[in-house]
Amino acid sequence: MLLLYIRKKDNTETLRRNVQLIDQSATSVTLTLWGDHAQSFAGVEGSALGIKNAYVREYMGTYSVSINAGCRIEMNPESDECKELHKWFEGERSTIEVKSISTQANSGSSNFVDELRLFSFFTNPNLFIDDKGIYFNNIGVVTQIRSDNALYMSCATGDCSKKVTQNGSIYQCAANHSSTEYKYRYMVSMEISDICSTTWITLFNDKAEPFFGKTAMEMGELQQSDAETFKAILNSKVFAMHNFRCRGKNDTYNDVSRIKHNVFDIRQPNFEQYGIALDAAIKKLEAL
Ligand SMILES: [Zn+2]
């Protein structure tokens with residue numbers, strides 16, 4: 001149950017309306033209304049709202065509440081909680097200091113700290129993830145690398161990187177390029193573990209070559225000539241700690257939706273910044 005005051009209203013062009021909500025925790029959050037909800041919204045400062053089926057959006061450490069067509073909003077619902085909220089709002093709202101979780105409290109902190117996430121962050125069923133996904137940093141270790149399919153034979157025509165099938169001495173890709181040559185490319189399945197959970201990611205050629213320190217062609221030759229060394233090079237990265245720059249996105253396959261993590265970059269962890277982030281997390285926990 002939340003009380004609101006309206007800060008911004010631009011439903012003429014985008015049919016979007018931002019409303020500030022607050023409750024007895026003296027914490028405010030932005031509620032974003034879209035479409036019909038934005039147009040028909042009739043709340044005024046001091047209205048109490050009952051909201052069902054809202055999403056929580058997260059962006060760089062800030063949170064907002066968003067709703068879609070399936071959401072229900074009830075204005076000033078009949079309940080004891082509602083009466084108490086009104087009483088609190090009239091009596092104390094003007095005297096308290098409001099914290100907002102929709103604006104960045106600590107603008108001096110780095111993107112690394114603001115965007116540090118565990119993979120388990122994405123298991124919250126009310127987390128809203130749009131088509132762009134959520135970019136984040138994860139401090140973790142590689143715990144498994146599948147060596148069997150770490151490389152594939154790809155098309156040698158131009159920038160085409162599709163898989164080829166061999167037909168006699170000709171290699172053909174799905175885009176119908178034919179050539180007597182092929183090139184190796186990395187496509188490595190790796191399991192990454194952070195302090196809470198694990199996820200499988202796929203590392204593609206441009207990130208895998210600097211990560212393993214060998215070109216895909218060198219690795220392809222090794223795979224044929226010296227399989228032990230080939231595996232040892234892959235496994236040399238197991239249990240090393242890294243800063244994985246990732247994106248979490250909804251992925252729907254056979255009607256089943258799940259969160260898929262893509263890795264865009266692998267960096268050496270900055271332990272000084274990591275320490276600052278852990279410190280801040282401990283302070284937040286202590287304040288609960
Ligand atoms: Zn091709």
# chains A, B, ... in the order shown; residues from 1 in each chain; ligands from 1
$ closest_atom_pairs --of "chain A" --to "ligand 1" --cutoff "8 Å" --atoms "only C-alpha atoms and all ligand atoms" --output "CSV"
residue,atom,partner,partner_atom_place_in_ligand_line,distance
A:Ser154,CA,ligand 1,1 (Zn),7.5
A:Cys155,CA,ligand 1,1 (Zn),4.5
A:Ala156,CA,ligand 1,1 (Zn),6.8
A:Thr157,CA,ligand 1,1 (Zn),5.5
A:Gly158,CA,ligand 1,1 (Zn),7.7
A:Asp159,CA,ligand 1,1 (Zn),7.9
A:Cys160,CA,ligand 1,1 (Zn),4.6
A:Ser161,CA,ligand 1,1 (Zn),6.3
A:Lys162,CA,ligand 1,1 (Zn),5.4
A:Lys163,CA,ligand 1,1 (Zn),7.6
A:Val164,CA,ligand 1,1 (Zn),7.5
A:Gln172,CA,ligand 1,1 (Zn),7.1
A:Cys173,CA,ligand 1,1 (Zn),4.7
A:Ala174,CA,ligand 1,1 (Zn),6.5
A:Ala175,CA,ligand 1,1 (Zn),5.1
A:Asn176,CA,ligand 1,1 (Zn),6.4
A:His177,CA,ligand 1,1 (Zn),4.6
A:Ser178,CA,ligand 1,1 (Zn),7.4
$ closest_atom_pairs --of "segment 44-152 of chain A" --to "segment 234-239 of chain A" --cutoff "6 Å" --atoms "only C-alpha atoms" --output "tab-separated table"
residue	atom	partner	partner_atom	distance
A:Val141	CA	A:Phe239	CA	5.2
A:Val142	CA	A:Val238	CA	4.9
A:Thr143	CA	A:Val238	CA	5.4
$ closest_residue --among "A:Ala240, A:Leu288, A:Val56, A:Ile67" --to "Arg17 of chain A" --atoms "only C-alpha atoms"
A:Ile67
$ select_by_dssp --residues "segment 86-159 of chain A" --states "alpha helix (DSSP H)" --output "list of chain:residue names"
A:His86, A:Lys87, A:Trp88, A:Phe89, A:Glu90, A:Gly91, A:Glu92, A:Asn111, A:Phe112, A:Val113, A:Asp114
$ select_by_dssp --residues "segment 14-226 of chain A" --states "strand (DSSP E)" --output "PyMOL selection string"
chain A and resi 16-22+27-34+48-52+55-59+62-66+72-75+99-100+127-128+134-145+151-155+164-167+170-173+178-179+182-193+198-204
$ residues_around --residues "Trp34 of chain A" --least-positions-apart "4" --cutoff "8 Å" --atoms "only C-alpha atoms" --output "ChimeraX atom specification"
/A:15-17,38-39,67-68
$ write_last_selection --atoms "N, CA and C atoms" --output "JSON list (two decimals), in the first residue's frame"
[["chain", "number", "residue", "atom", "x", "y", "z"],
["A", 15, "LEU", "N", 2.62, 8.49, -23.64],
["A", 15, "LEU", "CA", 1.66, 7.79, -22.78],
["A", 15, "LEU", "C", 2.39, 7.11, -21.63],
["A", 16, "ARG", "N", 3.26, 7.89, -21.05],
["A", 16, "ARG", "CA", 3.98, 7.38, -19.89],
["A", 16, "ARG", "C", 3.82, 8.40, -18.79],
["A", 17, "ARG", "N", 3.64, 7.91, -17.60],
["A", 17, "ARG", "CA", 3.49, 8.83, -16.49],
["A", 17, "ARG", "C", 4.30, 8.28, -15.32],
["A", 38, "ALA", "N", -1.54, 4.94, -17.87],
["A", 38, "ALA", "CA", -1.01, 6.30, -17.76],
["A", 38, "ALA", "C", -2.11, 7.32, -18.03],
["A", 39, "GLN", "N", -2.95, 7.03, -19.05],
["A", 39, "GLN", "CA", -3.98, 7.96, -19.46],
["A", 39, "GLN", "C", -5.08, 8.09, -18.41],
["A", 67, "ILE", "N", 4.47, -1.24, -14.58],
["A", 67, "ILE", "CA", 3.31, -2.12, -14.69],
["A", 67, "ILE", "C", 2.96, -2.32, -16.16],
["A", 68, "ASN", "N", 2.24, -3.39, -16.43],
["A", 68, "ASN", "CA", 1.82, -3.62, -17.81],
["A", 68, "ASN", "C", 0.31, -3.85, -17.83]]
